[in-house]
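First the structure, in the form of structure tokens, and then the observations on it.
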Amino acid sequence: MAEAMQSINLQAGVPISWYLVLSAVLFSLGVAGFLFRKSIITVFMCIELMLNAVNLSFVAFANQHKQVSGHIFTFFVMVVAAAEAAVGLAIILTVFKNRETLNIDEINSLKN
Amino acid sequence: MNLLDLVIALPALGFVLALLMPRTQENAIKMLALGVSLATFVLSLGLVNGFQSGQTGQQFVTDNIWIASPEIHWHVGIDGLSLWLVILSTFLTPIAILLSWKAIHDRAKEFFAFVLLLEFGLVGVFAAWDLFLFYVFWEVVLVPMYFLIGIWGHDRRIYAAVKFFLYTMAGSVLMLAGIIFIYLRVGTFDYVQILAAISSGHAMLTHTEETLLFLAFFLAFAIKVPLFPLHTWLPDAHVEAPTAGSVMLASVMLKMGTYGLVRFCLPMFPTAARENASWIVALAIIGIVYGGLVALVQPNMKKLVAYSSVSHLGFVVLGIFSFTQIGLDGAVYQMLNHGISTGALFLLVGFLYERRHSLAIADFGGVATVAPWLSIMFLVTTLASIGLPTLNNFVGEFMVLQGSAQANFSWTVFASLGVIISACYMLWMYQRVFFGETNEEVKHHVPDLSLREWACVIPLVVMMVWMGMYSQSFLPVVSEANAKILDQSKMNVPLRVAAPRMTEHAPPDLSRPPVTAAAAGGRADAR
Amino acid sequence: MPASFAPSAADLLRYAPETVLTVAGTLLMVLDPLFAKKSPKLFGHLSIAAFLVAIVAAFQANGAQGLAFSNLLIVDGFATYFRVLVLIIGIVTVLLSYRYLDREQAETGEYHALLLFSVSGQCLMVASNDLMMVFIGLEISSIATYILAGYLRDDKRNNEAALKYFLLGSFATAFMLYGVALIYGATGTTKLDEIRAALLTRGADAWFPMVGIAAALMFVGLAFKVSAAPFQVWAPDVYQGAPAPVSVFMATAPKAAAFAIFLRIFTTAFNQIAGGWEPLVWISALLSMTIGNFAALTQTNLKRMLAYSSIAHAGYVLVALASHSDDGTAGAMFYLAAYALMNLGAFAVVIHISGKGEKHVRIEDLAGLARRQPVTAALLTVFLLSLIGVPLTGGFFGKFYIFRAALQSNLVWLAVLGLLNSAVAAYYYLRLLVVMYMHEPGDVVENLEPLTPGLRAALILPAIGIFYLGVAPGAVLSFAKLSSSFVR
Amino acid sequence: MQNLWLIPALPFLGFLINGILGKKLPKMVINAVAVGSVVLSFLLVLNIWSSGGDLAANPIHQHYFTWIQSGEINIGWDYAVDKLTLIMLMVVTGIGSLIHVYATGYMAHEEGYYRFFAYLNLFMFFMLNLVLGGNYLLLFVGWEGVGLCSYLLIGFYFVKKSASTAGNKAFIVNRIGDFGFSLAMFLIVVNFGTLDFTKVFAAAPGKSTETLTAIALLLLLGATGKSAQIPLYVWLPDAMEGPTPVSALIHAATMVTAGVYMCTRSAVIFTHAPIAMDTVAIVGLATAVFAATIGLTQYDIKKVFAYSTVSQLGYMFLGVGVGAFSAGVWHLVTHAFFKALLFLGAGSVIHACHHEQDMRHMGGLRKYTPVTMAVLACASLAIAGVPGTSGFFSKDAILTAAYGHAPWMFWVGVVTAGMTAFYVWRAFWMTFWGEYRGHGHPHESPWSMLAPLVVLAFLSIAGGFLFNVPKILEGMFPAAEEVPGESMLMGISIAAGLAGIAISYYMYVVNPKLPQRISDGLGGIYRLVYDKYRIDELYDATVVNPVITGSRSLLWKVMDQGVIDGAVNGVGSEAQLAGGWLKMLQSGNIRSYATWVVLGAVCLLILIGVAEGVTR
């Protein structure tokens, strides 16, 4: 498969490594956002960003391997992410209802 | 199911029955506990009766598979070494129950149940011939004792109970590691097979391995003994424990440690045991002197007796690591002696506590005037404890010291100092408690022995005299067992160094093939 | 590739437990509006029935071992073992929950439905042969659990626990997913057996360091789920904040499932790069044991203490993993069962004493329990002794098998440190015994109601299990031993 | 054949009966049991004595049962009788009987009457065991046992703190001696493989001198404890806290001579260890002088006799040390007569003066207690070595032998003899002459007390003729060397004794002011001697107190509670601290948790990279 790896180019002629780097950058941005943003909603969005970064990798790899499964994975991930979003937003909502804040740093009553 | 199984099982059965009884039936529970323990004792006498002298190896063997994989056996049996320790356990349990008759009101059901559970564990420890089974019993003993101290103890009972548990636990986990390691090397937990494999050289341990394994076992046992400087749990545990707890702790539980040293450390790791003997003996001797000196200045009777135990057990360890027949015999005999005499001391101190509700020596004085028989019994016990000839401890101490003299005379010189010191602290305490003017408190609150208390004391005193005067009732079987152990502890010292020569000595038909790391290691192939 | 996409009968049989649970969960949601007011307990009964049926189904499926659904699923002894385990955990959780839900006057239908879904996700997970299936099972399990963790909507602690669990859980899952993507990229497959084959034929070096990175990232996700250090930080907060039955459920079922898949992935797919991940497990095991045990020493909150203890126990299981052998796998399996039982039992007592709104969850609140309710205290004692690892309890044999495996694999120091750790752990478990037996009854215990039937069952069943595992571990162990050969 | 076991068994039976049932028994029965058992034993001994047989050639040896058996070492419960034993048996049972009789009178009004006789019988049992034992260990049984009885009887008035303290002191100091004795036994077993006298002595000449010297010196340490020699004599004067018959029986006639018996028994070992022999002689001589000087100054009548006992025991050791074993034993026998008499007489005096022991509160008793005076005069004559009395023969034999060994020893011995005569007669004069200085009316003792005194008085005078010990023991020990000018030496020692008597008469009868003047003149030295050289204080300051305070403050508080327990608890609190620190990681902040996750992930990535890199 190594030969395949070298020979394969996407239609536009963009090497796979570019996609992978983009994916990694997006993932890292997501991580950074999680670490540095204070709004819970933003943090949650950062997770979505991370998942989508992974999706990009999946698609890129699927293309490289000429397989369909990678694409299907993307759909799985999207469905799961959607479910997660539904539940997550509900949780965030109850938190806001109870505390009237969405600052992630103020949700720290359980500790030590 | 033979007699020995029955002796082990009966207390467990009693434990379950006691738990099932309604807690309001306090008297019935007590009667049950006493009955079960007495029955166990009577049954255990059958062991003495049926024990065949002159036959090496264990008797009354039951060997059934308990757990198939890894193969763990219910392998119990007794030899001359464990016989008397089993009897000691069954002998003292009824006494412990009887002496708690009036002292325990609070949660009596649990108390007596725990005492029976303790007996189960103790007998099991001494009877187990499977390393795993041994460890199981070893740990089982811990639980009831923890509760006995923690629930029915005195003011600082919680500290003492937790300390007791953690100390012992810390030692025994390492032993567990050692047991597993041996299992992996030899492929069995069965002690007979392990010994055969080790002595025939089929299970090769490198020098480092043997030393580390020895230390793992030794640490667990040394904590239990307790050997200086691992002894500080003992005074706390004793002072805080209820009388029955102290009696069982001092008389039998400490022997688990010394028993383990003799049974396991010597035959399994002969080279390491011999190589490390010198510093162990040094610690034992320090313990003898140190324990005595610290006992000398204790203001609390129980603490004094506890430190005296440290001193006495030092003799036992000294005897064991003298690697002489008489030293080892003496050490085992001294285990029994200490069990009887220190048990009696704790019992009598307990009687005093029940009367005066104090353990402070300063709160007493002149007891001899108001309670002459109590004083006399205490005196006899004191004398036994300080090794008066014709009473039991003398025989043991003499043999231990004789053994150490054969190994290294300078050991004996230092260890004998303990004999002087023991007279100092015991007699000084005796003087302050029993002699002198009777103070008011003592005059009104210290009656002489009751019938029940007599029943507790008399068997112990009889044993002190019997064991002191006619050791031949006990020693010959012990000697036989020890001779074998000594033999094993010599066996492969030269074999270890050079593997090829081994074949000349090893019996040709070994049932078990040598276990190599590859075979035991399982899935080297899979990697 | 099988020609037909239509599932065969065997496939359906192998998927039966999940089907049962999913159908039952859906049924409960349908029934919810009808019976919520009239008979709140009905849902509990129904879910127990569903779990029992699922157990039967799991055994049936075990009779027809093999791959299913285009090799996405694998039903083998290993899967069955964990399926049955999580199902049993489900039953006991339901038993625990009767009293709790009643006391908090919470809706029961939804709760049990979520529980069923969560367990179905775990069943799926343990039977996965495909990283994508793992991901989906994990998410089914997790999403349901996120909701359960915040089940009492108006409780601030519940909210916070749910939020933390949700955010951090998703975060960690994203890492894992990234790992899946990378391994897919490297080998072109997500099927475990194919990955293994690929690594074996090409040699892991061919994809260095991609496979290694993938393994590490998956490790992050899984270690997070099993609350192993250094990814354990969420566990104490979440276990403390979540409703007590949910806490114990989280500490047992998803954990067991995550460990199962941890074992399956690393010992099958990544067997070839064992030299790379074994040290990670080693270090993680040591860190988990040490952090869990030492941090637990000073805790005053019962739930939080048990949370730290569960971190430590995760560390013990990781020791088994680190030994990377059949015996290690079997040891881990055995330990997880024993651990689940003792944790469930201990939490049952916590639920018993905590009172409405979980006001009484300090360790001191147990004071004098042995005087007022000796049987409850005795049962808790059994669980605690098992947690300490005293012989004749399941916890002891669990530790024994694990450390045996470690020594067998020459992890002598890990074994010794682990055993010493278990001696440290004895201290904080003993503290509970001390409080129960040696302190005088406090207000909490004085005003304690008797055990409800559900709680009683939730105490007695695990206790029986603990003793069964402690006295006659042979049957379970030999099953585990047999199953362990499926994941190598 | 004699049943030797009956001899000790009878008193033991007496002990059991009186000890267990005594409280409920009438005094008559107690007396009958206590005295009867000892007298019966005495009769049994007499039977052996008279039936004779050739003990020198065929000593009786009886084996009863194996006591300790392990490997090669076998120690039996064996009794053996040879001539030395027989003499000891005669002394022990004979004098024992007399003292039992005496005690029935002396103790008649004491509380715990039965207890006293039970102890006394127990003592007889152990003492007989000591002399009958056929091996060292059995000797040791008796040795420790008599120590126990001594402890019990010294502390008989246990309500008095001084009594129980004296008892403890006796036991513990003896334990120090026993330390030496037991070490000696261990060495014997190591070198000989047995403790049986016959086997050990048969093999002893073949062993190296170093070994034998070590054994002998250790045995000597044991003997100094039991027989109150320097440096372990300190317990004996305090032992006078016990009732007077006890002082007579245990602390004068029998138990304290056990050391002499033991050394004599081990003569073979000693004679092959010259250094040890010299040490024995020097210890004995030093003790004799030292104790005699203290005796000069004491006022308590029993203390005077106590120091006298220490001093006389020193004589016996001198005899043993210079090789005159039979002379030592001879002195042992005669000393038993006259010293028992002295104590019993003193007891009679004390009884007469209503338990007053200070001689300054006596005086003029010859009018009230003529019989007592007469018998005490006999004893005093004997101890002063007046020719014809028993003491004369034995003391002379020792001194002569000492001269043969080293003349300076003789001269020191002679001076000591003079001092002995002085202080004994000083006591005599102070007690019986002059005016009565006490309170109440003194009265003569009952005949139950006086009769034994008379018998002893007879023995004190005639004992030397009756029991010619060197003759009896002839052949048992190597003969002492012939000493030239024996009669001259005899004259000198007689003169010393008589001079002592004369000086005391002058100082305490003729010119009673003189002693005060002399003591004033001597000042500090007198005080030092009067305070017994402050040896007790020295021991307290150098041994006892350092051990106790060291144990308390250093070992217990610092070492045990501080270091060891501190370490143990320290580990505990460190663990708690670590736990507290660890839980600070748990800030509760989600972002910080996420940071941990990321950090962990990064570390893992690096690690796996490294690990893989290494394994590649």
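Residues in the structure tokens are named by chain (A, B, ... in the order shown) and by number from 1 within that chain; ligands are numbered from 1 in the order shown.
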Report task. Skip Met127 (chain D) itself and residues of its chain fewer than 6 positions away, then list as an NGL selection string all residues within 8 Å of it, counting only C-alpha atoms. Result -> :D and (92 or 142-143 or 145-146 or 254-255)
Taking N, CA, C and O atoms for each residue, export the selection above as an mmCIF file, in the first residue's frame.
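Final file, selection-v4.cif:
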```cif
data_model
loop_
_atom_site.group_PDB
_atom_site.id
_atom_site.type_symbol
_atom_site.label_atom_id
_atom_site.label_comp_id
_atom_site.auth_asym_id
_atom_site.auth_seq_id
_atom_site.Cartn_x
_atom_site.Cartn_y
_atom_site.Cartn_z
ATOM 1 N N VAL D 92 21.530 -29.392 105.684
ATOM 2 C CA VAL D 92 20.278 -28.781 105.252
ATOM 3 C C VAL D 92 19.104 -29.347 106.028
ATOM 4 O O VAL D 92 18.293 -28.602 106.595
ATOM 5 N N GLY D 142 17.487 -26.035 91.710
ATOM 6 C CA GLY D 142 17.477 -25.714 93.122
ATOM 7 C C GLY D 142 17.982 -24.304 93.373
ATOM 8 O O GLY D 142 17.425 -23.546 94.175
ATOM 9 N N TRP D 143 18.995 -23.962 92.674
ATOM 10 C CA TRP D 143 19.655 -22.665 92.783
ATOM 11 C C TRP D 143 18.648 -21.531 92.597
ATOM 12 O O TRP D 143 18.556 -20.610 93.405
ATOM 13 N N GLY D 145 15.388 -21.944 92.529
ATOM 14 C CA GLY D 145 14.248 -22.166 93.412
ATOM 15 C C GLY D 145 14.485 -21.595 94.789
ATOM 16 O O GLY D 145 13.606 -20.923 95.354
ATOM 17 N N VAL D 146 15.673 -21.818 95.335
ATOM 18 C CA VAL D 146 15.929 -21.248 96.659
ATOM 19 C C VAL D 146 15.948 -19.737 96.571
ATOM 20 O O VAL D 146 15.530 -19.035 97.500
ATOM 21 N N THR D 254 22.209 -22.278 105.003
ATOM 22 C CA THR D 254 22.115 -23.173 103.851
ATOM 23 C C THR D 254 22.270 -22.466 102.512
ATOM 24 O O THR D 254 23.264 -22.645 101.810
ATOM 25 N N MET D 255 21.250 -21.664 102.125
ATOM 26 C CA MET D 255 21.231 -21.198 100.752
ATOM 27 C C MET D 255 22.504 -20.470 100.348
ATOM 28 O O MET D 255 23.064 -20.722 99.290
#
```
Query raised in the report: If you count only C-alpha atoms, which residues fall within 6 Å of region 19-32 of chain A, apart from same-chain ones fewer than 6 positions away, as number ranges by chain?
Result: A: 46, 49-50, 53, 56-57
Requested in this report: Extract the full set of alpha helix (DSSP H) residues from region 376-462 of chain C according to DSSP on the backbone, and format it as number ranges by chain.
Outcome: C: 376-388, 394-408, 412-438, 443-446, 453-462
Per residue of chain B within 7 Å of chain D, what are the shortest atom pair and its distance in Å to one decimal, counting only C-alpha atoms, with rows by chain and residue number, as JSON lines?
```
{"residue": "B:Pro229", "atom": "CA", "partner": "D:Ile564", "partner_atom": "CA", "distance": 6.9}
{"residue": "B:Thr232", "atom": "CA", "partner": "D:Asp565", "partner_atom": "CA", "distance": 6.1}
{"residue": "B:Leu293", "atom": "CA", "partner": "D:Ser551", "partner_atom": "CA", "distance": 5.5}
{"residue": "B:Val294", "atom": "CA", "partner": "D:Trp556", "partner_atom": "CA", "distance": 5.5}
{"residue": "B:Val297", "atom": "CA", "partner": "D:Arg552", "partner_atom": "CA", "distance": 5.6}
{"residue": "B:Gln325", "atom": "CA", "partner": "D:Gly71", "partner_atom": "CA", "distance": 6.0}
{"residue": "B:Ile326", "atom": "CA", "partner": "D:Ser70", "partner_atom": "CA", "distance": 5.3}
{"residue": "B:Asp329", "atom": "CA", "partner": "D:Ser70", "partner_atom": "CA", "distance": 6.9}
{"residue": "B:Gly366", "atom": "CA", "partner": "D:Val159", "partner_atom": "CA", "distance": 6.8}
{"residue": "B:Leu388", "atom": "CA", "partner": "D:Glu144", "partner_atom": "CA", "distance": 6.6}
{"residue": "B:Pro389", "atom": "CA", "partner": "D:Val141", "partner_atom": "CA", "distance": 5.2}
{"residue": "B:Thr390", "atom": "CA", "partner": "D:Val141", "partner_atom": "CA", "distance": 6.9}
{"residue": "B:Gln402", "atom": "CA", "partner": "D:Phe186", "partner_atom": "CA", "distance": 5.4}
{"residue": "B:Ala405", "atom": "CA", "partner": "D:Phe186", "partner_atom": "CA", "distance": 6.2}
{"residue": "B:Gln406", "atom": "CA", "partner": "D:Val190", "partner_atom": "CA", "distance": 5.8}
{"residue": "B:Val413", "atom": "CA", "partner": "D:Leu183", "partner_atom": "CA", "distance": 6.9}
{"residue": "B:Ser416", "atom": "CA", "partner": "D:Phe179", "partner_atom": "CA", "distance": 6.4}
{"residue": "B:Ile420", "atom": "CA", "partner": "D:Arg175", "partner_atom": "CA", "distance": 5.5}
{"residue": "B:Ala423", "atom": "CA", "partner": "D:Ile172", "partner_atom": "CA", "distance": 6.2}
{"residue": "B:Cys424", "atom": "CA", "partner": "D:Ile172", "partner_atom": "CA", "distance": 6.2}
{"residue": "B:Leu427", "atom": "CA", "partner": "D:Asn168", "partner_atom": "CA", "distance": 6.4}
{"residue": "B:Gln431", "atom": "CA", "partner": "D:Ser164", "partner_atom": "CA", "distance": 6.5}
{"residue": "B:Phe435", "atom": "CA", "partner": "D:Phe158", "partner_atom": "CA", "distance": 5.2}
{"residue": "B:Gly436", "atom": "CA", "partner": "D:Val159", "partner_atom": "CA", "distance": 3.9}
{"residue": "B:Glu437", "atom": "CA", "partner": "D:Val159", "partner_atom": "CA", "distance": 5.2}
{"residue": "B:Met469", "atom": "CA", "partner": "D:Trp67", "partner_atom": "CA", "distance": 6.7}
{"residue": "B:Tyr470", "atom": "CA", "partner": "D:Trp67", "partner_atom": "CA", "distance": 5.8}
{"residue": "B:Ser471", "atom": "CA", "partner": "D:Trp67", "partner_atom": "CA", "distance": 6.2}
{"residue": "B:Gln472", "atom": "CA", "partner": "D:Trp67", "partner_atom": "CA", "distance": 6.6}
{"residue": "B:Ser479", "atom": "CA", "partner": "D:Ser70", "partner_atom": "CA", "distance": 6.6}
```
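The coordinates place CA of Val390 (chain C) at 13.0 Å from CA of Phe134 (chain B).
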Query raised in the report: Near region 263-272 of chain D, within 8 Å and counting only C-alpha atoms, which residues show up once chain neighbours fewer than 4 positions away are dropped, as a PyMOL selection string?
Result: chain D and resi 84+201+204-205+209+212-213+215-216+219-220+223+259+276-277+320+323+325+329+477
Written file, previous selection with N, CA, C and O atoms, as an mmCIF file, in the first residue's frame:
```
data_model
loop_
_atom_site.group_PDB
_atom_site.id
_atom_site.type_symbol
_atom_site.label_atom_id
_atom_site.label_comp_id
_atom_site.auth_asym_id
_atom_site.auth_seq_id
_atom_site.Cartn_x
_atom_site.Cartn_y
_atom_site.Cartn_z
ATOM 1 N N LEU D 84 30.119 -35.528 99.653
ATOM 2 C CA LEU D 84 29.904 -34.084 99.739
ATOM 3 C C LEU D 84 28.409 -33.785 99.846
ATOM 4 O O LEU D 84 27.960 -33.007 100.699
ATOM 5 N N PHE D 201 33.144 -34.019 84.749
ATOM 6 C CA PHE D 201 34.388 -34.029 85.521
ATOM 7 C C PHE D 201 35.365 -35.054 84.973
ATOM 8 O O PHE D 201 36.574 -34.863 85.034
ATOM 9 N N ALA D 204 36.869 -33.186 82.028
ATOM 10 C CA ALA D 204 37.424 -31.855 82.228
ATOM 11 C C ALA D 204 38.945 -31.783 82.094
ATOM 12 O O ALA D 204 39.449 -30.852 81.458
ATOM 13 N N PRO D 205 39.676 -32.717 82.686
ATOM 14 C CA PRO D 205 41.132 -32.542 82.621
ATOM 15 C C PRO D 205 41.670 -32.494 81.194
ATOM 16 O O PRO D 205 42.726 -31.924 80.955
ATOM 17 N N THR D 209 42.904 -25.062 79.081
ATOM 18 C CA THR D 209 42.825 -24.238 80.286
ATOM 19 C C THR D 209 41.936 -23.018 80.059
ATOM 20 O O THR D 209 41.208 -22.607 80.950
ATOM 21 N N LEU D 212 38.354 -23.989 80.462
ATOM 22 C CA LEU D 212 38.017 -24.276 81.853
ATOM 23 C C LEU D 212 38.038 -23.006 82.678
ATOM 24 O O LEU D 212 37.201 -22.813 83.571
ATOM 25 N N THR D 213 38.972 -22.107 82.363
ATOM 26 C CA THR D 213 39.018 -20.854 83.108
ATOM 27 C C THR D 213 37.745 -20.049 82.861
ATOM 28 O O THR D 213 37.150 -19.504 83.797
ATOM 29 N N ILE D 215 34.842 -21.145 81.998
ATOM 30 C CA ILE D 215 33.726 -21.790 82.694
ATOM 31 C C ILE D 215 33.796 -21.495 84.184
ATOM 32 O O ILE D 215 32.808 -21.099 84.822
ATOM 33 N N ALA D 216 34.993 -21.659 84.739
ATOM 34 C CA ALA D 216 35.138 -21.486 86.184
ATOM 35 C C ALA D 216 34.825 -20.059 86.595
ATOM 36 O O ALA D 216 34.141 -19.828 87.604
ATOM 37 N N LEU D 219 31.173 -19.583 86.517
ATOM 38 C CA LEU D 219 30.569 -20.239 87.683
ATOM 39 C C LEU D 219 30.784 -19.384 88.920
ATOM 40 O O LEU D 219 29.887 -19.246 89.758
ATOM 41 N N LEU D 220 31.970 -18.802 89.011
ATOM 42 C CA LEU D 220 32.268 -17.954 90.163
ATOM 43 C C LEU D 220 31.297 -16.778 90.210
ATOM 44 O O LEU D 220 30.798 -16.418 91.278
ATOM 45 N N ALA D 223 28.360 -17.951 91.731
ATOM 46 C CA ALA D 223 28.537 -18.173 93.163
ATOM 47 C C ALA D 223 28.553 -16.862 93.941
ATOM 48 O O ALA D 223 28.017 -16.779 95.044
ATOM 49 N N GLY D 259 26.860 -21.416 96.864
ATOM 50 C CA GLY D 259 27.965 -21.050 95.974
ATOM 51 C C GLY D 259 29.210 -21.843 96.313
ATOM 52 O O GLY D 259 29.922 -22.316 95.416
ATOM 53 N N ALA D 276 41.437 -18.909 87.664
ATOM 54 C CA ALA D 276 40.136 -18.876 88.311
ATOM 55 C C ALA D 276 40.275 -19.141 89.803
ATOM 56 O O ALA D 276 39.618 -18.493 90.626
ATOM 57 N N MET D 277 41.143 -20.065 90.153
ATOM 58 C CA MET D 277 41.349 -20.362 91.571
ATOM 59 C C MET D 277 41.816 -19.121 92.311
ATOM 60 O O MET D 277 41.288 -18.773 93.373
ATOM 61 N N VAL D 320 38.307 -22.488 99.325
ATOM 62 C CA VAL D 320 38.175 -23.122 98.008
ATOM 63 C C VAL D 320 39.265 -22.616 97.067
ATOM 64 O O VAL D 320 39.908 -23.382 96.349
ATOM 65 N N GLY D 323 42.591 -24.001 97.323
ATOM 66 C CA GLY D 323 42.663 -25.430 97.054
ATOM 67 C C GLY D 323 42.262 -26.302 98.218
ATOM 68 O O GLY D 323 42.255 -27.520 98.099
ATOM 69 N N PHE D 325 39.542 -27.440 99.509
ATOM 70 C CA PHE D 325 38.097 -27.581 99.336
ATOM 71 C C PHE D 325 37.427 -28.132 100.583
ATOM 72 O O PHE D 325 36.387 -27.667 101.029
ATOM 73 N N VAL D 329 34.468 -26.614 102.942
ATOM 74 C CA VAL D 329 33.209 -27.280 103.286
ATOM 75 C C VAL D 329 33.094 -27.430 104.798
ATOM 76 O O VAL D 329 32.012 -27.293 105.371
ATOM 77 N N PHE D 477 39.223 -34.688 96.985
ATOM 78 C CA PHE D 477 39.922 -33.543 96.409
ATOM 79 C C PHE D 477 41.418 -33.772 96.521
ATOM 80 O O PHE D 477 41.869 -34.525 97.389
#
```
Against chain D, which residues of chain C fall within 7 Å? For each one I want the closest pair of atoms and the distance in Å (one decimal), counting only C-alpha atoms, rows by chain and increasing residue number, as JSON lines.
```
{"residue": "C:Lys164", "atom": "CA", "partner": "D:Ile590", "partner_atom": "CA", "distance": 6.4}
{"residue": "C:Leu168", "atom": "CA", "partner": "D:Ala594", "partner_atom": "CA", "distance": 6.6}
{"residue": "C:Pro209", "atom": "CA", "partner": "D:Gly609", "partner_atom": "CA", "distance": 6.9}
{"residue": "C:Gly212", "atom": "CA", "partner": "D:Ile608", "partner_atom": "CA", "distance": 6.3}
{"residue": "C:Ile213", "atom": "CA", "partner": "D:Leu605", "partner_atom": "CA", "distance": 6.0}
{"residue": "C:Ala216", "atom": "CA", "partner": "D:Leu605", "partner_atom": "CA", "distance": 5.7}
{"residue": "C:Leu217", "atom": "CA", "partner": "D:Ala601", "partner_atom": "CA", "distance": 6.9}
{"residue": "C:Val220", "atom": "CA", "partner": "D:Ala601", "partner_atom": "CA", "distance": 6.1}
{"residue": "C:Pro230", "atom": "CA", "partner": "D:Gly600", "partner_atom": "CA", "distance": 5.8}
{"residue": "C:Phe231", "atom": "CA", "partner": "D:Val597", "partner_atom": "CA", "distance": 5.5}
{"residue": "C:Val233", "atom": "CA", "partner": "D:Tyr593", "partner_atom": "CA", "distance": 6.0}
{"residue": "C:Trp234", "atom": "CA", "partner": "D:Tyr593", "partner_atom": "CA", "distance": 6.9}
{"residue": "C:Gly275", "atom": "CA", "partner": "D:Thr615", "partner_atom": "CA", "distance": 6.2}
{"residue": "C:Gly276", "atom": "CA", "partner": "D:Glu612", "partner_atom": "CA", "distance": 4.5}
{"residue": "C:Trp277", "atom": "CA", "partner": "D:Ile608", "partner_atom": "CA", "distance": 6.2}
{"residue": "C:Leu280", "atom": "CA", "partner": "D:Leu604", "partner_atom": "CA", "distance": 6.7}
{"residue": "C:Ile291", "atom": "CA", "partner": "D:Leu582", "partner_atom": "CA", "distance": 6.7}
{"residue": "C:Phe294", "atom": "CA", "partner": "D:Gly579", "partner_atom": "CA", "distance": 4.4}
{"residue": "C:Ala295", "atom": "CA", "partner": "D:Gly579", "partner_atom": "CA", "distance": 4.0}
{"residue": "C:Ala296", "atom": "CA", "partner": "D:Gly579", "partner_atom": "CA", "distance": 6.8}
{"residue": "C:Leu297", "atom": "CA", "partner": "D:Gln576", "partner_atom": "CA", "distance": 6.0}
{"residue": "C:Thr298", "atom": "CA", "partner": "D:Gln576", "partner_atom": "CA", "distance": 6.1}
```
Requested in this report: Would you mind listing what lies within 10 Å of Lys490 (chain B) as a PyMOL selection string, with only C-alpha atoms counted and same-chain residues fewer than 2 positions away left out?
Outcome: chain B and resi 199+266-267+269-271+274+323+484-488+492-494
Query raised in the report: Which chain B residues are at most 9 Å from chain C (counting only C-alpha atoms), as a ChimeraX atom specification?
Result: /B:66-70,107,135-140,142-143,147,150-152,157-158,161-162,165-167,169-174,176-177,180-181,183-185,517,520-524,526-527
Requested in this report: Specify as number ranges by chain all residues of chain A found within 7 Å of chain C, counting only C-alpha atoms.
Outcome: A: 44, 47, 50-51, 54, 57-58, 61, 65, 84, 88, 91-92, 94-95, 98, 107, 110-111
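With only C-alpha atoms taken into account, the protein and nucleic acid residues at most 7 Å from Ala481 (chain B) (excluding it and anything under 5 positions from it in its own chain) are Thr56, Asp79, Gly80 and Leu81 of chain B.
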